[in-house]
Structure formats: C-alpha cells, structure tokens
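input.pdb, holding PDB, C-alpha atoms:
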```pdb
ATOM      1  CA  MET V 281     -21.047 117.457  62.283
ATOM      2  CA  GLY V 282     -20.238 121.124  62.927
ATOM      3  CA  ASP V 283     -22.595 123.819  64.132
ATOM      4  CA  THR V 284     -23.634 124.746  60.577
ATOM      5  CA  GLY V 285     -24.566 121.153  59.803
ATOM      6  CA  ARG V 286     -26.448 120.792  63.072
ATOM      7  CA  MET V 287     -28.373 123.992  62.434
ATOM      8  CA  LEU V 288     -29.292 122.908  58.910
ATOM      9  CA  GLN V 289     -30.500 119.607  60.328
ATOM     10  CA  MET V 290     -32.679 121.460  62.822
ATOM     11  CA  MET V 291     -34.035 123.773  60.121
ATOM     12  CA  THR V 292     -35.177 120.861  57.960
ATOM     13  CA  GLY V 293     -36.482 118.733  60.828
ATOM     14  CA  TYR V 294     -40.093 119.269  59.799
ATOM     15  CA  TRP V 295     -39.319 117.705  56.426
ATOM     16  CA  VAL V 296     -38.477 114.457  58.208
ATOM     17  CA  THR V 297     -41.669 114.692  60.266
ATOM     18  CA  GLN V 298     -43.696 114.783  57.063
ATOM     19  CA  VAL V 299     -41.731 111.888  55.546
ATOM     20  CA  VAL V 300     -42.569 109.789  58.613
ATOM     21  CA  ARG V 301     -46.225 110.865  58.570
ATOM     22  CA  THR V 302     -46.497 110.088  54.848
ATOM     23  CA  ALA V 303     -44.847 106.695  55.325
ATOM     24  CA  ALA V 304     -47.479 105.952  57.961
ATOM     25  CA  GLU V 305     -50.359 107.188  55.802
ATOM     26  CA  LEU V 306     -49.244 105.163  52.777
ATOM     27  CA  HIS V 307     -48.598 101.976  54.806
ATOM     28  CA  ILE V 308     -44.986 101.841  53.599
ATOM     29  CA  ALA V 309     -43.917  99.647  56.526
ATOM     30  CA  ASP V 310     -46.575  97.087  55.655
ATOM     31  CA  HIS V 311     -45.660  97.061  51.958
ATOM     32  CA  LEU V 312     -41.910  96.655  52.581
ATOM     33  CA  HIS V 313     -42.203  94.048  55.332
ATOM     34  CA  GLY V 314     -40.911  90.588  54.466
ATOM     35  CA  ASP V 315     -39.518  90.363  50.937
ATOM     36  CA  GLY V 316     -39.927  94.083  50.264
ATOM     37  CA  ALA V 317     -41.341  95.711  47.153
ATOM     38  CA  THR V 318     -40.364  97.853  44.183
ATOM     39  CA  SER V 319     -41.574 101.416  43.969
ATOM     40  CA  ALA V 320     -43.871 100.341  41.127
ATOM     41  CA  GLU V 321     -45.473  97.684  43.317
ATOM     42  CA  VAL V 322     -46.036 100.155  46.151
ATOM     43  CA  ALA V 323     -47.416 102.706  43.691
ATOM     44  CA  GLU V 324     -49.876 100.184  42.279
ATOM     45  CA  ALA V 325     -51.013  99.027  45.732
ATOM     46  CA  GLU V 326     -51.656 102.595  46.953
ATOM     47  CA  SER V 327     -52.708 104.193  43.625
ATOM     48  CA  LEU V 328     -49.685 106.532  43.596
ATOM     49  CA  ASP V 329     -47.590 108.163  40.902
ATOM     50  CA  PRO V 330     -44.750 105.678  40.206
ATOM     51  CA  GLY V 331     -42.003 108.250  39.744
ATOM     52  CA  SER V 332     -42.914 110.147  42.890
ATOM     53  CA  THR V 333     -43.116 106.874  44.802
ATOM     54  CA  PHE V 334     -39.554 105.992  43.826
ATOM     55  CA  ARG V 335     -38.300 109.409  44.920
ATOM     56  CA  PHE V 336     -40.098 109.043  48.238
ATOM     57  CA  LEU V 337     -38.696 105.552  48.908
ATOM     58  CA  ARG V 338     -35.212 106.760  47.954
ATOM     59  CA  THR V 339     -35.552 109.442  50.632
ATOM     60  CA  CYS V 340     -36.787 106.862  53.127
ATOM     61  CA  ALA V 341     -33.663 104.826  52.410
ATOM     62  CA  SER V 342     -31.452 107.857  53.058
ATOM     63  CA  LEU V 343     -33.104 108.259  56.477
ATOM     64  CA  GLY V 344     -32.729 104.627  57.489
ATOM     65  CA  LEU V 345     -36.423 103.921  56.961
ATOM     66  CA  ALA V 346     -35.752 101.505  54.104
ATOM     67  CA  GLY V 347     -32.951  99.497  52.562
ATOM     68  CA  SER V 348     -32.162  98.651  48.944
ATOM     69  CA  ALA V 349     -29.420  96.387  47.636
ATOM     70  CA  ASP V 350     -29.957  97.186  43.966
ATOM     71  CA  GLY V 351     -31.581 100.622  44.050
ATOM     72  CA  LYS V 352     -34.822  99.157  42.737
ATOM     73  CA  ARG V 353     -36.315  96.849  45.355
ATOM     74  CA  PHE V 354     -36.841  98.321  48.816
ATOM     75  CA  THR V 355     -36.983  96.448  52.096
ATOM     76  CA  SER V 356     -38.034  97.491  55.562
ATOM     77  CA  THR V 357     -35.723  98.286  58.462
ATOM     78  CA  SER V 358     -36.240  97.851  62.200
ATOM     79  CA  LEU V 359     -36.841 101.603  62.363
ATOM     80  CA  LEU V 360     -39.589 101.505  59.733
ATOM     81  CA  ASP V 361     -41.097  98.422  61.390
ATOM     82  CA  THR V 362     -42.210 100.642  64.297
ATOM     83  CA  LEU V 363     -44.825 102.009  61.849
ATOM     84  CA  ARG V 364     -46.283  98.630  60.892
ATOM     85  CA  SER V 365     -50.021  98.607  61.405
ATOM     86  CA  ASP V 366     -49.941  95.092  62.902
ATOM     87  CA  ALA V 367     -47.028  95.675  65.311
ATOM     88  CA  PRO V 368     -48.026  95.257  68.988
ATOM     89  CA  ASP V 369     -46.437  98.587  69.946
ATOM     90  CA  SER V 370     -46.988 100.321  66.610
ATOM     91  CA  LEU V 371     -46.218 104.039  66.422
ATOM     92  CA  ARG V 372     -48.230 104.497  63.226
ATOM     93  CA  ASP V 373     -51.108 106.375  64.832
ATOM     94  CA  LEU V 374     -48.701 108.668  66.688
ATOM     95  CA  ALA V 375     -46.905 109.414  63.419
ATOM     96  CA  LEU V 376     -50.197 110.339  61.764
ATOM     97  CA  TRP V 377     -51.141 112.649  64.642
ATOM     98  CA  GLY V 378     -47.700 114.218  65.097
ATOM     99  CA  GLY V 379     -47.544 115.289  61.467
ATOM    100  CA  ALA V 380     -51.218 116.207  61.115
ATOM    101  CA  GLU V 381     -52.579 119.592  60.095
ATOM    102  CA  SER V 382     -53.884 120.241  63.601
ATOM    103  CA  HIS V 383     -50.292 120.016  64.825
ATOM    104  CA  TRP V 384     -48.185 121.741  62.215
ATOM    105  CA  ARG V 385     -50.429 124.734  61.623
ATOM    106  CA  PRO V 386     -50.407 125.956  65.267
ATOM    107  CA  TRP V 387     -46.671 125.174  65.483
ATOM    108  CA  GLY V 388     -46.177 127.445  62.467
ATOM    109  CA  ARG V 389     -47.387 130.299  64.667
ATOM    110  CA  LEU V 390     -45.084 129.542  67.598
ATOM    111  CA  ALA V 391     -43.609 133.041  67.551
ATOM    112  CA  ASP V 392     -47.128 134.461  67.983
ATOM    113  CA  ALA V 393     -47.681 132.130  70.938
ATOM    114  CA  ILE V 394     -44.552 133.535  72.549
ATOM    115  CA  ARG V 395     -45.505 137.136  71.747
ATOM    116  CA  THR V 396     -49.026 136.851  73.114
ATOM    117  CA  GLY V 397     -48.813 134.098  75.714
ATOM    118  CA  SER V 398     -51.818 132.476  74.032
ATOM    119  CA  PRO V 399     -52.199 129.152  72.186
ATOM    120  CA  GLN V 400     -52.430 129.393  68.426
ATOM    121  CA  ALA V 401     -54.874 126.613  67.564
ATOM    122  CA  GLU V 402     -57.782 129.044  67.271
ATOM    123  CA  ALA V 403     -55.815 131.437  65.067
ATOM    124  CA  ALA V 404     -54.543 128.596  62.872
ATOM    125  CA  LEU V 405     -57.577 126.301  62.816
ATOM    126  CA  GLY V 406     -60.497 128.581  63.625
ATOM    127  CA  ALA V 407     -61.271 127.063  67.036
ATOM    128  CA  PRO V 408     -59.495 125.890  70.205
ATOM    129  CA  ILE V 409     -57.882 122.507  69.620
ATOM    130  CA  PHE V 410     -60.460 120.325  71.410
ATOM    131  CA  ASP V 411     -63.388 122.267  69.909
ATOM    132  CA  TRP V 412     -61.804 121.884  66.480
ATOM    133  CA  LEU V 413     -61.390 118.129  67.010
ATOM    134  CA  ALA V 414     -65.046 117.866  68.010
ATOM    135  CA  GLY V 415     -65.959 119.242  64.593
ATOM    136  CA  ALA V 416     -63.461 117.113  62.668
ATOM    137  CA  PRO V 417     -64.407 113.456  63.266
ATOM    138  CA  GLY V 418     -61.616 112.060  61.101
ATOM    139  CA  GLU V 419     -58.909 114.008  62.896
ATOM    140  CA  ALA V 420     -60.518 113.270  66.268
ATOM    141  CA  GLU V 421     -60.309 109.567  65.486
ATOM    142  CA  VAL V 422     -56.616 109.917  64.636
ATOM    143  CA  PHE V 423     -56.086 111.773  67.937
ATOM    144  CA  THR V 424     -57.873 109.073  69.943
ATOM    145  CA  HIS V 425     -55.891 106.309  68.245
ATOM    146  CA  ALA V 426     -52.664 108.255  68.866
ATOM    147  CA  MET V 427     -53.418 108.639  72.575
ATOM    148  CA  THR V 428     -54.152 104.919  72.768
ATOM    149  CA  ALA V 429     -50.853 104.172  71.018
ATOM    150  CA  MET V 430     -48.990 106.480  73.390
ATOM    151  CA  THR V 431     -50.453 104.654  76.360
ATOM    152  CA  ARG V 432     -50.074 101.158  74.952
ATOM    153  CA  GLY V 433     -46.416 100.754  75.841
ATOM    154  CA  LEU V 434     -46.547 103.132  78.773
ATOM    155  CA  ALA V 435     -49.469 101.340  80.430
ATOM    156  CA  HIS V 436     -47.413  98.302  81.376
ATOM    157  CA  ALA V 437     -44.579 100.397  82.796
ATOM    158  CA  LEU V 438     -47.060 102.329  84.934
ATOM    159  CA  ALA V 439     -49.051  99.236  85.916
ATOM    160  CA  ASP V 440     -45.827  97.683  87.225
ATOM    161  CA  VAL V 441     -45.574 100.377  89.913
ATOM    162  CA  ILE V 442     -49.228 101.312  90.635
ATOM    163  CA  ASP V 443     -50.288 100.072  94.063
ATOM    164  CA  LEU V 444     -53.834  98.688  93.857
ATOM    165  CA  GLU V 445     -54.105  97.591  97.467
ATOM    166  CA  GLY V 446     -57.661  98.217  98.648
ATOM    167  CA  ALA V 447     -58.797  99.489  95.242
ATOM    168  CA  ARG V 448     -62.113  98.199  93.919
ATOM    169  CA  VAL V 449     -63.100 100.811  91.301
ATOM    170  CA  ALA V 450     -60.500 102.572  89.145
ATOM    171  CA  VAL V 451     -61.677 105.563  87.101
ATOM    172  CA  ASP V 452     -59.508 106.558  84.130
ATOM    173  CA  VAL V 453     -60.323 110.280  83.918
ATOM    174  CA  GLY V 454     -59.974 111.482  80.320
ATOM    175  CA  GLY V 455     -58.787 107.958  79.579
ATOM    176  CA  ALA V 456     -59.605 107.886  75.828
ATOM    177  CA  GLY V 457     -59.503 104.236  74.719
ATOM    178  CA  GLY V 458     -58.905 103.074  78.298
ATOM    179  CA  ASN V 459     -55.589 101.336  77.740
ATOM    180  CA  LEU V 460     -54.248 102.064  81.222
ATOM    181  CA  VAL V 461     -57.298 100.992  83.201
ATOM    182  CA  HIS V 462     -57.772  97.940  80.968
ATOM    183  CA  THR V 463     -54.172  96.899  81.649
ATOM    184  CA  LEU V 464     -54.782  97.201  85.385
ATOM    185  CA  MET V 465     -58.019  95.195  85.066
ATOM    186  CA  GLN V 466     -56.236  92.415  83.180
ATOM    187  CA  ARG V 467     -53.677  92.125  85.950
ATOM    188  CA  HIS V 468     -56.196  92.333  88.789
ATOM    189  CA  PRO V 469     -59.381  90.311  88.132
ATOM    190  CA  GLY V 470     -61.199  91.859  91.090
ATOM    191  CA  LEU V 471     -60.862  95.421  89.791
ATOM    192  CA  THR V 472     -63.760  97.254  88.156
ATOM    193  CA  GLY V 473     -62.782  99.881  85.589
ATOM    194  CA  VAL V 474     -64.395 103.075  84.324
ATOM    195  CA  VAL V 475     -63.331 105.483  81.584
ATOM    196  CA  LEU V 476     -64.659 109.034  81.621
ATOM    197  CA  ASP V 477     -64.222 110.871  78.327
ATOM    198  CA  LEU V 478     -66.180 112.656  75.634
ATOM    199  CA  PRO V 479     -68.972 110.525  74.138
ATOM    200  CA  HIS V 480     -67.351 109.977  70.728
ATOM    201  CA  VAL V 481     -64.557 107.971  72.390
ATOM    202  CA  GLY V 482     -66.925 105.378  73.843
ATOM    203  CA  ALA V 483     -66.972 102.948  70.931
ATOM    204  CA  GLU V 484     -63.186 102.554  70.950
ATOM    205  CA  ALA V 485     -63.036 102.150  74.734
ATOM    206  CA  ASP V 486     -65.766  99.483  74.675
ATOM    207  CA  ALA V 487     -64.116  97.660  71.770
ATOM    208  CA  SER V 488     -60.784  97.665  73.593
ATOM    209  CA  ALA V 489     -62.364  96.289  76.767
ATOM    210  CA  ALA V 490     -64.165  93.592  74.794
ATOM    211  CA  GLY V 491     -61.004  92.626  72.934
ATOM    212  CA  LEU V 492     -59.098  92.238  76.201
ATOM    213  CA  GLY V 493     -61.838  90.213  77.843
ATOM    214  CA  VAL V 494     -62.700  92.711  80.599
ATOM    215  CA  MET V 495     -65.984  94.112  79.269
ATOM    216  CA  ASP V 496     -67.981  92.494  82.086
ATOM    217  CA  ARG V 497     -66.147  94.723  84.580
ATOM    218  CA  PHE V 498     -65.905  97.865  82.472
ATOM    219  CA  THR V 499     -68.108 100.937  82.020
ATOM    220  CA  PHE V 500     -67.632 103.889  79.708
ATOM    221  CA  VAL V 501     -69.098 107.182  80.937
ATOM    222  CA  GLY V 502     -69.568 109.907  78.350
ATOM    223  CA  GLY V 503     -69.061 113.246  80.039
ATOM    224  CA  ASP V 504     -66.755 116.137  80.869
ATOM    225  CA  PHE V 505     -64.265 115.994  83.748
ATOM    226  CA  LEU V 506     -64.603 119.772  84.064
ATOM    227  CA  ASP V 507     -68.137 119.159  85.322
ATOM    228  CA  LYS V 508     -68.156 115.897  87.261
ATOM    229  CA  VAL V 509     -66.090 112.758  87.757
ATOM    230  CA  PRO V 510     -67.553 109.290  88.514
ATOM    231  CA  SER V 511     -66.837 108.034  92.016
ATOM    232  CA  GLY V 512     -64.100 105.509  92.698
ATOM    233  CA  ASP V 513     -61.328 104.710  95.133
ATOM    234  CA  LEU V 514     -58.554 105.065  92.535
ATOM    235  CA  LEU V 515     -58.753 108.001  90.102
ATOM    236  CA  LEU V 516     -56.210 107.974  87.258
ATOM    237  CA  LEU V 517     -55.063 111.200  85.572
ATOM    238  CA  LYS V 518     -52.591 110.316  82.833
ATOM    239  CA  PHE V 519     -51.469 113.101  80.491
ATOM    240  CA  VAL V 520     -54.551 115.142  81.362
ATOM    241  CA  LEU V 521     -53.277 118.053  83.444
ATOM    242  CA  HIS V 522     -50.640 119.085  80.901
ATOM    243  CA  ASP V 523     -53.450 120.063  78.510
ATOM    244  CA  TRP V 524     -54.786 122.773  80.825
ATOM    245  CA  ASP V 525     -53.915 126.056  82.551
ATOM    246  CA  ASP V 526     -53.381 126.136  86.310
ATOM    247  CA  ASP V 527     -56.913 127.190  87.287
ATOM    248  CA  THR V 528     -58.500 124.491  85.132
ATOM    249  CA  CYS V 529     -56.110 121.885  86.546
ATOM    250  CA  VAL V 530     -57.222 122.842  90.055
ATOM    251  CA  ARG V 531     -60.842 122.454  88.954
ATOM    252  CA  ILE V 532     -60.146 118.973  87.557
ATOM    253  CA  LEU V 533     -58.258 117.934  90.679
ATOM    254  CA  ARG V 534     -61.046 119.192  92.946
ATOM    255  CA  ASN V 535     -63.594 117.221  90.940
ATOM    256  CA  CYS V 536     -61.406 114.140  91.402
ATOM    257  CA  ARG V 537     -61.054 114.806  95.131
ATOM    258  CA  ASP V 538     -64.829 115.145  95.451
ATOM    259  CA  ALA V 539     -65.334 111.838  93.608
ATOM    260  CA  LEU V 540     -63.025 109.832  95.872
ATOM    261  CA  GLU V 541     -64.493 107.117  98.032
ATOM    262  CA  PRO V 542     -63.250 107.135 101.660
ATOM    263  CA  GLY V 543     -59.593 106.145 101.740
ATOM    264  CA  GLY V 544     -59.256 106.672  98.005
ATOM    265  CA  ARG V 545     -56.312 108.081  96.040
ATOM    266  CA  VAL V 546     -55.694 110.200  92.957
ATOM    267  CA  LEU V 547     -52.791 109.093  90.749
ATOM    268  CA  VAL V 548     -51.244 111.737  88.478
ATOM    269  CA  MET V 549     -48.958 110.571  85.665
ATOM    270  CA  GLU V 550     -47.161 113.321  83.766
ATOM    271  CA  LEU V 551     -43.732 114.230  82.454
ATOM    272  CA  LEU V 552     -41.758 116.296  84.976
ATOM    273  CA  VAL V 553     -39.679 119.258  83.808
ATOM    274  CA  ASP V 554     -36.155 119.169  85.246
ATOM    275  CA  LYS V 555     -33.688 121.996  85.747
ATOM    276  CA  VAL V 556     -32.928 124.366  82.865
ATOM    277  CA  GLY V 557     -30.592 122.875  80.268
ATOM    278  CA  THR V 558     -31.503 119.242  80.926
ATOM    279  CA  PRO V 559     -31.869 117.473  77.542
ATOM    280  CA  GLY V 560     -35.081 115.591  76.921
ATOM    281  CA  LEU V 561     -38.594 115.547  75.559
ATOM    282  CA  GLU V 562     -40.132 117.642  78.334
ATOM    283  CA  PRO V 563     -39.164 121.170  77.167
ATOM    284  CA  LEU V 564     -40.267 120.395  73.591
ATOM    285  CA  MET V 565     -43.546 118.947  74.816
ATOM    286  CA  ASP V 566     -44.020 122.144  76.814
ATOM    287  CA  LEU V 567     -43.757 124.174  73.590
ATOM    288  CA  ASN V 568     -46.219 121.776  71.973
ATOM    289  CA  MET V 569     -48.675 122.619  74.747
ATOM    290  CA  MET V 570     -47.923 126.331  74.279
ATOM    291  CA  ALA V 571     -48.726 126.184  70.576
ATOM    292  CA  LEU V 572     -51.806 123.943  70.770
ATOM    293  CA  SER V 573     -53.512 124.537  74.092
ATOM    294  CA  THR V 574     -53.560 126.499  77.330
ATOM    295  CA  GLY V 575     -51.575 123.709  78.992
ATOM    296  CA  ARG V 576     -47.942 123.252  79.910
ATOM    297  CA  GLU V 577     -45.457 120.758  81.255
ATOM    298  CA  ARG V 578     -44.598 121.337  84.900
ATOM    299  CA  SER V 579     -41.964 120.656  87.517
ATOM    300  CA  LEU V 580     -42.729 118.674  90.648
ATOM    301  CA  ASP V 581     -42.842 121.914  92.670
ATOM    302  CA  GLU V 582     -45.342 123.435  90.220
ATOM    303  CA  PHE V 583     -47.542 120.352  90.502
ATOM    304  CA  GLY V 584     -47.276 120.537  94.278
ATOM    305  CA  ALA V 585     -48.732 124.054  94.249
ATOM    306  CA  LEU V 586     -51.710 122.854  92.187
ATOM    307  CA  PHE V 587     -52.308 119.901  94.486
ATOM    308  CA  GLU V 588     -52.324 122.172  97.537
ATOM    309  CA  ARG V 589     -54.866 124.512  95.940
ATOM    310  CA  ALA V 590     -57.098 121.523  95.176
ATOM    311  CA  GLY V 591     -57.025 120.207  98.736
ATOM    312  CA  LEU V 592     -54.763 117.271  97.930
ATOM    313  CA  THR V 593     -51.368 116.333  99.272
ATOM    314  CA  LEU V 594     -48.577 114.456  97.499
ATOM    315  CA  VAL V 595     -47.903 111.232  99.397
ATOM    316  CA  THR V 596     -45.399 109.458  97.168
ATOM    317  CA  THR V 597     -43.549 109.931  93.885
ATOM    318  CA  THR V 598     -42.875 106.539  92.317
ATOM    319  CA  PRO V 599     -40.572 106.293  89.283
ATOM    320  CA  SER V 600     -41.406 103.843  86.517
ATOM    321  CA  SER V 601     -39.281 102.252  83.807
ATOM    322  CA  SER V 602     -40.550 105.033  81.505
ATOM    323  CA  LYS V 603     -39.918 108.771  81.855
ATOM    324  CA  VAL V 604     -43.321 109.123  83.553
ATOM    325  CA  PRO V 605     -43.572 108.735  87.344
ATOM    326  CA  VAL V 606     -46.710 108.027  89.375
ATOM    327  CA  LEU V 607     -47.645 110.795  91.819
ATOM    328  CA  THR V 608     -49.969 109.519  94.561
ATOM    329  CA  LEU V 609     -52.302 112.081  96.152
ATOM    330  CA  ARG V 610     -54.703 111.926  99.063
ATOM    331  CA  PRO V 611     -57.189 114.501 100.335
ATOM    332  CA  VAL V 612     -55.821 116.872 102.949
TER     333      VAL V 612
END
```

What does this structure look like when you write it as structure tokens?
Amino acid sequence: MGDTGRMLQMMTGYWVTQVVRTAAELHIADHLHGDGATSAEVAEAESLDPGSTFRFLRTCASLGLAGSADGKRFTSTSLLDTLRSDAPDSLRDLALWGGAESHWRPWGRLADAIRTGSPQAEAALGAPIFDWLAGAPGEAEVFTHAMTAMTRGLAHALADVIDLEGARVAVDVGGAGGNLVHTLMQRHPGLTGVVLDLPHVGAEADASAAGLGVMDRFTFVGGDFLDKVPSGDLLLLKFVLHDWDDDTCVRILRNCRDALEPGGRVLVMELLVDKVGTPGLEPLMDLNMMALSTGRERSLDEFGALFERAGLTLVTTTPSSSKVPVLTLRPV
C-alpha cells in the first residue's frame, strides 16, 4: 500500500471504529458464533432492518469480522470472537466505550484542544467528562464496565510481578470494579482488599468480589481520592494519574502517602511514553487524554518529578508481560 492508500485508510479509520462499536451493541459476535446466521436471522433477533443488516454484515466480512462461504450465511471469526459477551477476556465493553458519544464528540474537537491547551469534553458535551458521566448513568455504566474489561486481562500480568510481602491491606484507589485488587486477593488468601471510587461503582465492585469468593475480605468505600484515601500498607494506582493534570496528580499522590501504614508502599501502574517517534499506543492515548480530560500520558522522568513533589521516591520499576510496568514508591 502506497502513501495515498495509507492516508485514505487513516482518514476513514473512524468508520471502522463505529463498525466495531455497532457490532458490539448488536451482539453480532454472539449471533454468528457456532453455526453462524443469515442477515435475516440476525435482523429478526435484534429487530433490525433486514437490508441494512445484510449491508452491515457484508462490511464486517470485508474487515475480517465475519466470514461467508455463500454470501448469505455469515460466521464468526477469531477477531469477532473477542467481542463475544461470554468470552472470559471479552473486549465488548471496551468497544462500546471507545466508540461512544462521550469519546467521539470531544475527539472531533481535537484541533481546538491543540489551539487552546484545554480538554474539549465540556465544549462537546456540556460538562467535564467525569461530571458528564455522573449525569449520564447509562454511559457511566458503560465506562465502568469498560475499565473492568481493560483491567481483566491486565490484572493477571500485573499480579504476577506485584510483591505483596508484608502487605495486609491493599487499597485499589479509583479501582472501579476492583478487578486488580480482587485478583491479588484470590492469589493471597491473607490479603484484605478495599476499593475507593465514586459511590455509583459500589454495586459492581461488590458483585465482582462476591462472584470471585472474596467478599468476606473486601470493602467498597464510596468517596473521592481528591479528598481522602483509606489507610493501607499497599495503595494501588492503576490508570488513575493519566486522567489528571500535574498539580492534581501531586494531590492524589500526597493523599496516598498520608494514608500509608508504616512501611507501606504506593504502586503506580501507567503506560510510559518513550522517545519521540517510537510506535505504540502511548502517544495516541496521550491525545485521548488531551481531548477528554486534563490528563496526559507521561515519561518515567515526568512521573519522577511528580513523585518528588508528593514526597515519594521511586524504589523500583518492574516490567510486566503487558506494556504496563509497576512503579514502586515509598515515602521520602
């Protein structure tokens, strides 16, 4: 593919995003699993227009999201199977969130974000992203499920390298459904777990703990980490700091430092931006933060400056099998 073809592919990338989101919304992976289905059968099951359903499935087939031997009956592919609602590591919730209105509308104002240096969620949605989610329960639920899905696979990779020696109480700060701390609790029966997040997340966190058999050692605390963090000897910050500007990050880190029991540690888990020109998710995620929030992705040096301001020092940087390392901090 030449440069013109590559550029055209980039220009129409958002079309593909919406195909994936729509496939997730309409449960296409579930309908095509096993023996597959005709477009008419999918249309009947989802109350869709039959002709439009065929055109959509034809497009899915062109993208490798479906197969069809006769042009009439469609079957799933391994790629589409990642969107199955019953798959252990399903990406369905992430697909719904990534293509949601609260994402694409601020992204549509990316040039304004660059001109002004300000996030565009308020201009596009009428309120800062987290305030808007608080007033949109349906979208907030999608966001919570998406964060849980993002952590589901990542949790095991991080748990493999997190040192729990001496830890009795682990607090998942801004932990949403609690997937990370629940994974640690499953592996270490003596560990007590806490999730601190906004009150509306509590039901999902409790249900997750109950489903994994750790509810007797788990507590959900409804609150705001900008105000206060529950005490513990292991405080987990996974994909929290990238949502916030530097001053707010320092405030969060100081609250975590103040909540540490003697000998305790803060663990920060974030993507790390590498040198300019390095391919990867990190620069694109940084633009996502620019469009949606006051946050950003950071380099290890940039994180180090925040830690120093918060009275914490970086002790170790431990790589995991994912792209996310574990940064271990102790009070200065």

Using all atoms listed in the file, what table do you get, as a tab-separated table, when you list each residue of range 392-466 of chain V with an atom no more than 7 Å from range 475-495 of chain V, its nearest pair of atoms, and their distance in Å rounded to one decimal, rows by chain then rising number?
```
residue	atom	partner	partner_atom	distance
V:Val451	CA	V:Val475	CA	5.8
V:Asp452	CA	V:Val475	CA	4.7
V:Val453	CA	V:Leu476	CA	5.1
V:Gly454	CA	V:Asp477	CA	4.7
V:Gly455	CA	V:Val475	CA	5.5
V:Ala456	CA	V:Val481	CA	6.0
V:Gly457	CA	V:Ala485	CA	4.1
V:Gly458	CA	V:Ala485	CA	5.5
V:His462	CA	V:Ala489	CA	6.4
V:Met465	CA	V:Val494	CA	6.9
V:Gln466	CA	V:Val494	CA	7.0
```

Exercise: range 598-602 of chain V partners within 9 Å, all atoms listed in the file, chain neighbours under 3 positions left out, as a PyMOL selection string = chain V and resi 434+437-442+605-608

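Nearest to Arg448 in chain V of all the residues V:Leu464, V:Val595, V:Val520, V:Met565 is V:Leu464, counting all atoms listed in the file.
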
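Pairwise distance (CA of Glu421 in chain V, CA of Arg372 in chain V) equals 13.3 Å.
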
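Rounded to one decimal, CA of Gly314 in chain V and CA of Ala426 in chain V lie 25.6 Å from each other.
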
Considering all atoms listed in the file, return as a list in words whatever protein or nucleic-acid residues lie within 7 Å of range 299-307 of chain V, sequence-local ones (same chain, fewer than 5 positions apart) excluded.
-> Glu326, Leu363, Arg372, Ala375, Leu376 and Gly379 of chain V

Using the chain letters and residue numbers of this document, give as a ChimeraX atom specification the residues selected by the PyMOL selection byres ((chain V and resi 538-555) around 9).
-> /V:438,442,446-447,508-522,533-537,556-559,561-563,565-566,577-580,583,592,603-611

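Nearest to Ala393 in chain V of all the residues V:Met569, V:Leu594, V:Glu381, V:Phe587 is V:Met569, counting all atoms listed in the file.
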
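Our summary of the geometry notes that CA of Ala407 in chain V is positioned 22.1 Å from CA of Ile532 in chain V.
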
Resolved residues for the PyMOL selection byres ((chain V and resi 361) around 10) as a list in words | Ile308, Ala309, Asp310, Leu312, His313, Leu345, Ala346, Ser356, Thr357, Ser358, Leu359, Leu360, Thr362, Leu363, Arg364, Ser365, Asp366, Ala367, Ser370, Leu371 and Arg372 of chain V

Missing atoms in range 375-392 of chain V need filling: write out N, CA and C atoms for it as a short mmCIF file (atom, residue, chain, number, x, y, z; two decimals), in the frame of the given file.
```cif
data_model
loop_
_atom_site.label_atom_id
_atom_site.label_comp_id
_atom_site.auth_asym_id
_atom_site.auth_seq_id
_atom_site.Cartn_x
_atom_site.Cartn_y
_atom_site.Cartn_z
N ALA V 375 -47.53 108.74 64.57
CA ALA V 375 -46.90 109.41 63.42
C ALA V 375 -47.94 110.20 62.63
N LEU V 376 -49.13 109.64 62.48
CA LEU V 376 -50.20 110.34 61.76
C LEU V 376 -50.62 111.60 62.52
N TRP V 377 -50.72 111.50 63.83
CA TRP V 377 -51.14 112.65 64.64
C TRP V 377 -50.03 113.71 64.71
N GLY V 378 -48.80 113.27 64.94
CA GLY V 378 -47.70 114.22 65.10
C GLY V 378 -47.44 115.06 63.87
N GLY V 379 -47.75 114.53 62.69
CA GLY V 379 -47.54 115.29 61.47
C GLY V 379 -48.82 115.83 60.86
N ALA V 380 -49.92 115.79 61.65
CA ALA V 380 -51.22 116.21 61.12
C ALA V 380 -51.35 117.73 61.06
N GLU V 381 -52.32 118.16 60.27
CA GLU V 381 -52.58 119.59 60.10
C GLU V 381 -52.84 120.29 61.43
N SER V 382 -53.56 119.63 62.31
CA SER V 382 -53.88 120.24 63.60
C SER V 382 -52.66 120.43 64.48
N HIS V 383 -51.56 119.81 64.11
CA HIS V 383 -50.29 120.02 64.82
C HIS V 383 -49.43 121.08 64.14
N TRP V 384 -49.19 120.88 62.84
CA TRP V 384 -48.18 121.74 62.22
C TRP V 384 -48.67 123.16 61.99
N ARG V 385 -49.96 123.36 61.83
CA ARG V 385 -50.43 124.73 61.62
C ARG V 385 -50.28 125.60 62.88
N PRO V 386 -50.68 125.15 64.07
CA PRO V 386 -50.41 125.96 65.27
C PRO V 386 -48.91 126.12 65.54
N TRP V 387 -48.12 125.07 65.30
CA TRP V 387 -46.67 125.17 65.48
C TRP V 387 -46.08 126.24 64.55
N GLY V 388 -46.66 126.42 63.39
CA GLY V 388 -46.18 127.44 62.47
C GLY V 388 -46.37 128.86 63.00
N ARG V 389 -47.15 129.00 64.04
CA ARG V 389 -47.39 130.30 64.67
C ARG V 389 -46.77 130.36 66.06
N LEU V 390 -45.71 129.59 66.28
CA LEU V 390 -45.08 129.54 67.60
C LEU V 390 -44.62 130.91 68.07
N ALA V 391 -44.06 131.70 67.16
CA ALA V 391 -43.61 133.04 67.55
C ALA V 391 -44.77 133.88 68.09
N ASP V 392 -45.96 133.73 67.49
CA ASP V 392 -47.13 134.46 67.98
C ASP V 392 -47.54 133.97 69.37
#
```
